[in-house]
$ cat my_file02.txt   # compact mmCIF, C-alpha atoms and all ligand atoms
# COMPACT_ATOMS: atom_id res chain seq x y z
CA MET A 8 65.59 66.48 102.11
CA ARG A 9 66.86 64.39 99.17
CA ILE A 10 69.92 65.56 97.30
CA LEU A 11 71.16 64.15 94.02
CA VAL A 12 74.94 64.22 93.60
CA ILE A 13 76.26 64.18 90.03
CA ASN A 14 79.77 63.53 88.76
CA ALA A 15 79.69 63.92 84.98
CA GLY A 16 82.50 62.70 82.72
CA SER A 17 82.84 63.01 78.96
CA SER A 18 80.76 59.88 78.24
CA SER A 19 79.71 58.90 81.76
CA LEU A 20 77.58 60.15 84.64
CA LYS A 21 77.85 58.88 88.21
CA TYR A 22 75.01 59.64 90.61
CA GLN A 23 74.04 59.15 94.23
CA LEU A 24 70.74 60.12 95.84
CA PHE A 25 71.16 61.03 99.53
CA ASP A 26 68.59 61.11 102.28
CA MET A 27 69.97 64.07 104.22
CA THR A 28 68.04 63.34 107.41
CA LYS A 29 70.22 60.26 107.92
CA HIS A 30 73.11 61.01 105.54
CA THR A 31 72.43 57.68 103.81
CA VAL A 32 72.58 56.72 100.14
CA MET A 33 69.12 55.75 98.85
CA ALA A 34 70.30 54.88 95.36
CA LYS A 35 73.39 55.20 93.23
CA GLY A 36 74.61 54.22 89.83
CA LEU A 37 76.61 54.86 86.73
CA CYS A 38 75.60 55.72 83.17
CA GLU A 39 78.32 54.88 80.67
CA ARG A 40 78.78 55.04 76.93
CA ILE A 41 76.64 58.20 76.67
CA GLY A 42 76.46 59.18 73.01
CA LEU A 43 77.10 55.56 72.05
CA ASP A 44 74.97 52.52 72.88
CA GLY A 45 74.46 53.53 76.52
CA HIS A 46 74.70 51.39 79.65
CA ILE A 47 73.21 51.98 83.12
CA LYS A 48 73.93 50.21 86.39
CA HIS A 49 71.61 51.23 89.22
CA VAL A 50 71.66 50.08 92.84
CA ALA A 51 68.78 51.14 95.09
CA GLU A 52 67.66 50.41 98.66
CA GLY A 53 65.19 47.53 98.70
CA HIS A 54 65.63 46.54 95.04
CA ASP A 55 67.79 44.14 93.03
CA VAL A 56 70.69 45.62 91.09
CA TYR A 57 69.39 46.90 87.75
CA GLU A 58 71.47 46.93 84.58
CA SER A 59 70.49 47.74 81.03
CA HIS A 60 71.74 48.83 77.66
CA ALA A 61 69.67 51.80 76.58
CA PRO A 62 70.80 54.34 74.02
CA MET A 63 71.48 57.73 75.63
CA HIS A 64 72.29 60.33 73.01
CA ASN A 65 73.45 62.97 75.46
CA HIS A 66 73.75 63.74 79.18
CA ALA A 67 70.19 65.14 79.39
CA GLU A 68 68.89 61.77 78.22
CA ALA A 69 71.09 60.07 80.79
CA VAL A 70 69.67 62.31 83.56
CA ARG A 71 66.13 61.51 82.32
CA ALA A 72 66.96 57.79 82.46
CA VAL A 73 68.29 58.19 86.01
CA ILE A 74 65.15 60.07 87.11
CA GLY A 75 63.06 57.29 85.51
CA LEU A 76 64.92 54.63 87.54
CA LEU A 77 64.67 56.68 90.75
CA THR A 78 60.90 57.06 90.41
CA GLN A 79 59.69 53.76 88.87
CA PRO A 80 58.14 51.26 91.33
CA ASP A 81 60.50 48.34 90.56
CA THR A 82 63.77 50.34 90.77
CA GLY A 83 62.83 53.57 92.50
CA VAL A 84 63.13 55.12 95.94
CA ILE A 85 61.11 58.33 95.47
CA ALA A 86 57.58 59.00 94.18
CA SER A 87 58.42 61.79 91.76
CA MET A 88 61.33 63.95 90.69
CA GLU A 89 59.96 66.84 92.77
CA ALA A 90 61.22 64.85 95.79
CA ILE A 91 64.76 65.81 94.74
CA GLY A 92 65.31 69.01 96.71
CA ALA A 93 68.64 70.01 95.17
CA VAL A 94 71.47 68.78 92.96
CA GLY A 95 75.17 68.93 93.85
CA HIS A 96 77.75 68.71 91.07
CA ARG A 97 81.38 67.75 91.34
CA VAL A 98 83.36 70.30 89.31
CA VAL A 99 87.05 69.61 88.90
CA HIS A 100 88.48 73.10 88.36
CA GLY A 101 87.38 76.35 89.89
CA GLY A 102 90.68 78.16 89.20
CA GLU A 103 91.16 81.25 91.35
CA ALA A 104 87.49 82.15 90.99
CA PHE A 105 86.15 79.81 93.68
CA ASN A 106 87.45 79.18 97.20
CA ALA A 107 84.26 77.42 98.31
CA SER A 108 81.20 75.63 96.95
CA VAL A 109 78.56 77.86 95.33
CA LEU A 110 74.98 77.83 94.11
CA ILE A 111 74.99 77.71 90.32
CA SER A 112 73.93 80.84 88.44
CA ASP A 113 74.66 82.13 84.94
CA GLU A 114 77.72 83.98 86.31
CA VAL A 115 78.99 80.79 87.97
CA ILE A 116 78.59 78.83 84.73
CA LYS A 117 80.54 81.56 82.92
CA ALA A 118 83.33 81.36 85.51
CA ILE A 119 83.48 77.55 85.20
CA GLU A 120 83.68 78.00 81.42
CA ASP A 121 86.57 80.41 81.93
CA CYS A 122 88.42 77.58 83.75
CA VAL A 123 88.07 75.16 80.79
CA PRO A 124 91.63 75.84 79.53
CA LEU A 125 92.91 74.71 82.96
CA ALA A 126 90.96 71.42 82.88
CA PRO A 127 90.04 70.76 79.24
CA LEU A 128 89.13 67.11 79.85
CA HIS A 129 87.05 67.64 82.98
CA ASN A 130 85.28 71.00 83.13
CA PRO A 131 83.43 70.66 79.79
CA PRO A 132 81.68 67.39 80.81
CA ASN A 133 81.00 68.85 84.28
CA LEU A 134 79.24 71.78 82.55
CA VAL A 135 77.30 69.40 80.32
CA GLY A 136 76.09 67.60 83.48
CA ILE A 137 75.00 70.91 85.06
CA ARG A 138 73.06 71.96 81.95
CA ALA A 139 71.44 68.53 81.65
CA CYS A 140 70.18 68.71 85.24
CA GLN A 141 68.95 72.28 84.78
CA GLU A 142 66.95 71.07 81.79
CA VAL A 143 65.50 67.94 83.39
CA LEU A 144 65.10 69.18 86.99
CA PRO A 145 64.23 72.88 86.61
CA HIS A 146 62.65 73.03 90.10
CA ALA A 147 65.84 71.98 91.91
CA PRO A 148 68.56 74.45 92.95
CA GLN A 149 72.03 73.29 91.88
CA ALA A 150 75.41 73.68 93.53
CA ALA A 151 78.98 73.28 92.29
CA VAL A 152 81.60 71.74 94.57
CA PHE A 153 85.16 72.17 93.29
CA ASP A 154 88.17 69.84 93.70
CA THR A 155 90.43 72.90 93.77
CA ALA A 156 88.52 75.25 96.11
CA PHE A 157 89.89 74.06 99.46
CA HIS A 158 93.47 74.73 98.35
CA GLN A 159 92.82 78.37 97.42
CA SER A 160 94.03 79.30 100.91
CA MET A 161 97.63 78.31 100.04
CA PRO A 162 100.14 81.14 100.42
CA LYS A 163 102.02 82.39 97.36
CA ALA A 164 105.21 80.70 98.54
CA ALA A 165 103.43 77.35 98.19
CA PHE A 166 101.42 77.94 95.03
CA LEU A 167 103.79 79.87 92.77
CA TYR A 168 106.25 78.05 90.53
CA ALA A 169 109.68 79.55 89.93
CA LEU A 170 108.83 80.47 86.36
CA PRO A 171 108.69 83.93 84.77
CA TYR A 172 106.03 85.73 86.82
CA GLU A 173 104.10 86.76 83.72
CA TYR A 174 103.12 83.10 83.16
CA TYR A 175 101.17 83.26 86.41
CA GLU A 176 99.60 86.60 85.55
CA ARG A 177 98.88 85.94 81.90
CA LEU A 178 98.36 82.16 81.75
CA LYS A 179 97.36 81.43 85.36
CA ILE A 180 100.11 78.84 85.71
CA ARG A 181 100.33 78.03 89.44
CA ARG A 182 99.72 75.17 91.85
CA TYR A 183 95.98 74.61 92.25
CA GLY A 184 95.85 71.20 93.93
CA PHE A 185 93.05 68.64 93.71
CA HIS A 186 91.15 66.17 95.95
CA GLY A 187 90.22 69.27 98.00
CA THR A 188 86.80 67.92 98.98
CA SER A 189 88.44 64.82 100.43
CA HIS A 190 91.29 66.62 102.23
CA ARG A 191 88.83 69.11 103.76
CA TYR A 192 86.46 66.39 104.95
CA VAL A 193 89.00 64.00 106.47
CA ALA A 194 90.89 66.81 108.23
CA LYS A 195 87.65 68.04 109.82
CA ARG A 196 86.64 64.50 110.82
CA ALA A 197 90.11 63.87 112.27
CA ALA A 198 89.76 66.95 114.50
CA GLU A 199 86.33 65.71 115.61
CA VAL A 200 87.71 62.25 116.44
CA LEU A 201 90.53 63.89 118.42
CA GLY A 202 87.98 66.06 120.22
CA ARG A 203 89.84 69.21 119.24
CA SER A 204 89.13 72.29 117.17
CA PRO A 205 90.65 72.31 113.65
CA GLU A 206 91.94 75.83 114.43
CA GLU A 207 94.41 74.45 116.97
CA LEU A 208 95.75 71.59 114.83
CA LYS A 209 98.40 70.98 112.18
CA ILE A 210 97.26 68.02 110.08
CA ILE A 211 98.79 66.20 107.12
CA THR A 212 96.24 64.31 105.03
CA CYS A 213 97.34 61.52 102.66
CA HIS A 214 94.69 60.79 100.03
CA MET A 215 96.10 57.63 98.43
CA GLY A 216 94.01 56.06 95.68
CA ASN A 217 94.59 55.62 91.95
CA GLY A 218 95.50 59.27 92.10
CA SER A 219 97.31 60.34 95.26
CA SER A 220 97.93 63.68 96.91
CA LEU A 221 98.94 65.00 100.30
CA ALA A 222 97.86 68.24 101.94
CA ALA A 223 99.29 70.32 104.77
CA ILE A 224 96.34 71.72 106.74
CA LYS A 225 97.25 74.32 109.33
CA HIS A 226 94.56 75.65 111.65
CA GLY A 227 91.81 74.33 109.37
CA VAL A 228 93.09 75.70 106.05
CA SER A 229 95.18 74.12 103.29
CA VAL A 230 98.67 75.65 103.22
CA ASP A 231 100.26 73.25 100.73
CA THR A 232 99.39 70.25 98.59
CA SER A 233 101.32 67.90 96.36
CA MET A 234 99.30 67.99 93.13
CA GLY A 235 99.95 71.13 91.16
CA PHE A 236 98.84 72.91 87.99
CA THR A 237 97.46 69.49 87.04
CA PRO A 238 97.02 66.20 88.94
CA LEU A 239 100.25 64.92 87.35
CA GLU A 240 102.52 66.56 89.93
CA GLY A 241 103.44 65.19 93.34
CA VAL A 242 104.00 61.65 94.59
CA PRO A 243 104.07 58.74 92.10
CA MET A 244 100.59 57.29 91.51
CA GLY A 245 98.94 54.23 89.95
CA THR A 246 99.85 55.21 86.40
CA ARG A 247 101.03 58.85 86.76
CA SER A 248 104.69 59.67 87.22
CA GLY A 249 104.24 62.39 89.81
CA SER A 250 107.07 64.94 89.92
CA ILE A 251 110.01 64.33 87.62
CA ASP A 252 112.82 66.49 86.26
CA PRO A 253 111.07 68.44 83.47
CA ALA A 254 114.19 68.04 81.29
CA ILE A 255 113.30 64.32 80.92
CA ILE A 256 110.47 65.32 78.59
CA GLN A 257 112.71 66.87 75.94
CA PHE A 258 115.26 64.08 76.40
CA LEU A 259 112.59 61.45 75.64
CA MET A 260 111.26 63.39 72.67
CA VAL A 261 114.73 63.58 71.14
CA LYS A 262 116.07 60.12 72.05
CA GLU A 263 112.88 58.18 71.35
CA ASN A 264 111.64 60.42 68.57
CA GLN A 265 108.35 60.83 70.39
CA ALA A 266 105.77 63.58 69.96
CA ILE A 267 104.85 65.59 73.06
CA THR A 268 101.43 63.90 73.11
CA GLN A 269 103.11 60.49 73.35
CA VAL A 270 105.37 61.58 76.19
CA THR A 271 102.43 63.12 78.05
CA GLU A 272 100.46 59.91 77.57
CA THR A 273 103.38 57.93 79.01
CA LEU A 274 103.61 60.24 82.03
CA ASN A 275 99.87 59.99 82.71
CA LYS A 276 99.01 56.42 81.78
CA LYS A 277 102.14 54.24 81.69
CA SER A 278 104.22 55.53 84.57
CA GLY A 279 103.82 55.51 88.35
CA VAL A 280 103.83 52.14 90.10
CA LEU A 281 102.58 50.49 86.90
CA GLY A 282 105.55 51.79 84.95
CA ILE A 283 108.08 50.82 87.61
CA SER A 284 106.68 47.36 88.33
CA GLY A 285 105.37 46.35 84.92
CA VAL A 286 102.83 44.42 87.00
CA SER A 287 99.85 46.61 87.84
CA SER A 288 98.65 50.03 88.97
CA ASP A 289 96.69 48.31 91.74
CA PHE A 290 98.50 48.25 95.08
CA ARG A 291 96.98 44.88 96.04
CA ASP A 292 98.55 43.28 92.96
CA LEU A 293 101.86 44.99 93.72
CA LEU A 294 101.97 43.58 97.22
CA ALA A 295 101.08 40.09 95.99
CA ALA A 296 103.84 40.23 93.35
CA ALA A 297 106.40 41.68 95.80
CA THR A 298 105.58 38.93 98.31
CA GLU A 299 106.32 36.37 95.60
CA GLY A 300 109.74 37.95 95.08
CA ASN A 301 109.11 40.37 92.20
CA ASP A 302 111.84 42.99 92.70
CA ARG A 303 110.25 45.65 90.52
CA ALA A 304 106.94 45.38 92.37
CA GLN A 305 108.89 45.80 95.61
CA ALA A 306 110.72 48.80 94.10
CA ALA A 307 107.38 50.37 93.16
CA LEU A 308 106.14 50.05 96.75
CA ASP A 309 109.45 51.40 98.07
CA ILE A 310 109.47 54.40 95.72
CA PHE A 311 105.83 55.28 96.39
CA THR A 312 106.07 55.05 100.18
CA TYR A 313 109.45 56.84 100.24
CA ASN A 314 108.00 59.79 98.32
CA VAL A 315 104.92 59.97 100.53
CA ARG A 316 107.12 59.93 103.65
CA LYS A 317 109.42 62.59 102.22
CA THR A 318 106.42 64.82 101.49
CA ILE A 319 105.13 64.31 105.05
CA GLY A 320 108.52 65.44 106.38
CA GLY A 321 108.44 68.52 104.16
CA TYR A 322 104.94 69.48 105.28
CA ALA A 323 105.78 68.96 108.96
CA ALA A 324 108.72 71.33 108.48
CA ALA A 325 106.56 73.79 106.53
CA MET A 326 103.92 73.91 109.29
CA GLY A 327 106.37 73.73 112.22
CA GLY A 328 104.96 70.38 113.36
CA CYS A 329 102.23 67.87 112.73
CA ASP A 330 99.64 66.88 115.34
CA ALA A 331 97.98 64.25 113.18
CA LEU A 332 98.75 62.26 110.04
CA VAL A 333 95.58 61.06 108.33
CA PHE A 334 95.37 58.21 105.80
CA THR A 335 92.40 58.07 103.43
CA ALA A 336 91.06 56.72 100.07
CA GLY A 337 91.41 53.18 98.69
CA ILE A 338 95.04 52.62 99.68
CA GLY A 339 95.14 54.92 102.70
CA GLU A 340 92.07 53.33 104.26
CA ASN A 341 92.78 49.70 103.41
CA HIS A 342 96.41 48.94 102.66
CA VAL A 343 98.08 47.78 105.89
CA VAL A 344 101.53 47.37 104.35
CA VAL A 345 101.61 50.75 102.60
CA ARG A 346 100.60 52.51 105.83
CA ARG A 347 103.32 50.61 107.70
CA MET A 348 105.97 51.47 105.10
CA VAL A 349 104.98 55.16 104.99
CA SER A 350 105.03 55.41 108.80
CA GLU A 351 108.50 53.87 109.24
CA GLY A 352 110.84 56.56 110.57
CA LEU A 353 108.09 59.00 111.53
CA GLU A 354 109.03 58.54 115.19
CA CYS A 355 111.23 61.61 114.57
CA LEU A 356 107.96 63.57 114.22
CA GLY A 357 106.61 62.20 117.51
CA MET A 358 104.33 59.64 115.90
CA THR A 359 104.68 55.87 116.24
CA LEU A 360 102.44 53.43 114.40
CA ASP A 361 100.77 50.70 116.49
CA GLN A 362 101.30 47.62 114.30
CA GLU A 363 98.29 45.78 115.75
CA LYS A 364 95.86 48.70 115.43
CA ASN A 365 97.14 49.29 111.89
CA LYS A 366 95.81 45.81 111.06
CA SER A 367 92.72 45.59 113.25
CA LEU A 368 91.37 49.07 112.41
CA SER A 369 92.10 48.82 108.66
CA GLY A 370 89.18 50.19 106.65
CA GLN A 371 87.69 51.94 109.68
CA GLU A 372 87.88 55.37 111.26
CA GLY A 373 90.27 55.47 114.20
CA ILE A 374 93.64 56.26 115.73
CA ILE A 375 96.36 53.75 114.75
CA SER A 376 99.37 55.23 116.55
CA VAL A 377 100.52 53.73 119.87
CA ASP A 378 98.76 55.03 122.97
CA GLY A 379 101.71 57.13 124.15
CA SER A 380 102.34 58.71 120.73
CA VAL A 381 102.64 62.50 121.16
CA ASN A 382 101.19 63.06 117.69
CA LYS A 383 98.61 60.78 116.15
CA ILE A 384 98.39 58.58 113.07
CA MET A 385 94.81 58.02 111.94
CA ILE A 386 92.58 56.40 109.33
CA VAL A 387 89.57 58.45 108.22
CA PRO A 388 87.52 57.00 105.34
CA THR A 389 86.72 59.70 102.81
CA ASN A 390 83.27 60.35 101.37
CA GLU A 391 83.44 62.98 98.66
CA GLU A 392 79.84 62.46 97.52
CA LEU A 393 78.49 63.03 101.03
CA VAL A 394 80.52 66.25 101.32
CA ILE A 395 79.06 67.44 98.00
CA ALA A 396 75.57 66.66 99.32
CA MET A 397 76.25 68.42 102.65
CA ASP A 398 77.71 71.52 100.94
CA THR A 399 74.68 71.62 98.63
CA GLN A 400 72.27 71.36 101.55
CA ALA A 401 74.09 74.15 103.40
CA LEU A 402 73.93 76.40 100.33
CA VAL A 403 70.25 75.68 99.74
CA GLY A 404 69.69 76.52 103.39
CA VAL A 405 67.30 73.79 104.54
P1 LIG A 501 90.23 56.22 92.87
O1 LIG A 501 91.33 57.23 92.93
O2 LIG A 501 90.02 55.65 91.51
O3 LIG A 501 88.97 56.62 93.58
P2 LIG A 501 90.52 54.37 95.09
O4 LIG A 501 90.48 55.41 96.15
O5 LIG A 501 89.39 53.43 94.97
O6 LIG A 501 90.85 54.98 93.68
O7 LIG A 501 91.88 53.50 95.33
C1 LIG A 501 92.27 52.45 94.52
C2 LIG A 501 93.48 51.78 95.17
O8 LIG A 501 93.08 51.31 96.47
C3 LIG A 501 94.03 50.56 94.42
O9 LIG A 501 95.44 50.67 94.27
C4 LIG A 501 93.70 49.40 95.34
O10 LIG A 501 94.73 48.45 95.33
C5 LIG A 501 93.61 50.03 96.70
N1 LIG A 501 92.70 49.25 97.55
C6 LIG A 501 91.35 49.21 97.48
N2 LIG A 501 90.85 48.33 98.39
C7 LIG A 501 91.91 47.78 99.03
C8 LIG A 501 92.08 46.80 100.06
N3 LIG A 501 91.03 46.20 100.63
N4 LIG A 501 93.32 46.52 100.47
C9 LIG A 501 94.39 47.10 99.92
N5 LIG A 501 94.31 48.04 98.93
C10 LIG A 501 93.10 48.38 98.49

$ encode --input "my_file02.txt" --output "structure tokens" --more "lines below"
Ligand code: ADP
Amino acid sequence: MRILVINAGSSSLKYQLFDMTKHTVMAKGLCERIGLDGHIKHVAEGHDVYESHAPMHNHAEAVRAVIGLLTQPDTGVIASMEAIGAVGHRVVHGGEAFNASVLISDEVIKAIEDCVPLAPLHNPPNLVGIRACQEVLPHAPQAAVFDTAFHQSMPKAAFLYALPYEYYERLKIRRYGFHGTSHRYVAKRAAEVLGRSPEELKIITCHMGNGSSLAAIKHGVSVDTSMGFTPLEGVPMGTRSGSIDPAIIQFLMVKENQAITQVTETLNKKSGVLGISGVSSDFRDLLAAATEGNDRAQAALDIFTYNVRKTIGGYAAAMGGCDALVFTAGIGENHVVVRRMVSEGLECLGMTLDQEKNKSLSGQEGIISVDGSVNKIMIVPTNEELVIAMDTQALVGV
């Protein structure tokens, strides 16, 4: 079976076509500048990379362009669009309505619409992508896979903020958490690599990319996570502040005469390791600058890794232990120095990093703690698109 995975943004659409017999990517690409002049980059098995500027007035036109590329002889990998057995959509926010992936129906679309106030920048384009695929690929069943769903198992103690309770009841203000597809996948893979059942393990997953979040996964279910009502909460990130004293917001508005939109923009786009270092949001650049003696780049690395380690300690305490610490995403999978800095001091949790394995296994799946380590430190590369495809296949039932 072939499954098309779609991640629709406000003016972009990312796609991957999977061959589910081998779990391989047959073709993938990105449509950008939808509604403007339009640009497509398409990479397919057995063909040269294809790039073109072609006006795409809306997402349905973008989907049509993608289907054209997937089926034409010089760029394609399938004979006709009927070869696409199902479509899986990444949907950012499922609120409290969804604790798992679902087949899309009119009721599901309505429930995703109801979550728009919780994710005003993400859910509307996700819905546009769903409608575009329904229009262009009417034969194919469609599934929605939510970033929030995996964390719906959190207990109230972890998801409620200490605000007036009516804000939760009336406005649905609570911790939702994000990156759920990634946390779920890498925790399951980690259990497989350890040859143990997820039900008997306490795992802490560190998804560290441009956006970063940690999750505490006890007996296979998420019991806490660091992102909150929005992805702004938690550890510092590339450009996001992570958790700060909320009183800073009013202080900045008064002292700097800034509007709330400006402050929010600063917290989302100009903070994190970029804000601290003044160098870059990219952790490779930070390391290069720190190695050359840039103190602020070093401070950014110190602050990031300190906060990740502190969160790990909190989650180990919350779960009453941690059998495995799992690093994933761009930084978690690849950044030797960040993993080393995060792991310093974790001997108190019965886990000791093997410095050699940390280097030699970088970028690969494996155990990077020393052989005698009671609890394990691991790298598990994430693959959110494959999880979306696998969830879709399971829902379609073939
Ligand atoms: P996104 O959240 O946008 O998906 P990624 O998961 O791709 O982000 O992570 C981007 C981060 O990963 C960047 O900070 C980058 O420095 C880091 N990264 C990517 N590849 C490497 C590498 N080979 N070595 C060190 N860091 C890397």

$ closest_residue --input "my_file02.txt" --among "A:Gln305, A:Ser278, A:Thr335, A:Asn217" --to "ligand LIG 501 (chain A)" --atoms "only C-alpha atoms and all ligand atoms"
A:Asn217

$ atom_distance --input "my_file02.txt" --atom1 "atom CA of A:Lys317" --atom2 "atom CA of A:Gly202"
28.2 Å

$ axis_aligned_box --input "my_file02.txt" --around "stretch 387-405 of chain A" --padding-each-side "8 Å" --output "JSON"
{"center_x": 78.4, "center_y": 66.8, "center_z": 102.9, "size_x": 38.3, "size_y": 35.5, "size_z": 26.7}

$ atom_distance --input "my_file02.txt" --atom1 "atom CA of A:Ala72" --atom2 "atom CA of A:His46"
10.4 Å

$ residues_near_ligand --input "my_file02.txt" --ligand "ligand LIG 501 (chain A)" --cutoff "6 Å" --atoms "only C-alpha atoms and all ligand atoms" --output "JSON, numbers by chain"
{"A": [216, 217, 218, 289, 290, 291, 336, 337, 338, 341, 342]}

$ write_last_selection --input "my_file02.txt" --atoms "C-alpha atoms" --output "short mmCIF file (atom, residue, chain, number, x, y, z; two decimals), in the frame of the given file"
data_model
loop_
_atom_site.label_atom_id
_atom_site.label_comp_id
_atom_site.auth_asym_id
_atom_site.auth_seq_id
_atom_site.Cartn_x
_atom_site.Cartn_y
_atom_site.Cartn_z
CA GLY A 216 94.01 56.06 95.68
CA ASN A 217 94.59 55.62 91.95
CA GLY A 218 95.50 59.27 92.10
CA ASP A 289 96.69 48.31 91.74
CA PHE A 290 98.50 48.25 95.08
CA ARG A 291 96.98 44.88 96.04
CA ALA A 336 91.06 56.72 100.07
CA GLY A 337 91.41 53.18 98.69
CA ILE A 338 95.04 52.62 99.68
CA ASN A 341 92.78 49.70 103.41
CA HIS A 342 96.41 48.94 102.66
#

$ residues_around --input "my_file02.txt" --residues "A:Met260" --least-positions-apart "5" --cutoff "9 Å" --atoms "only C-alpha atoms" --output "list in words"
Ile255, Gln265, Ala266, Ile267, Gln269 and Val270 of chain A
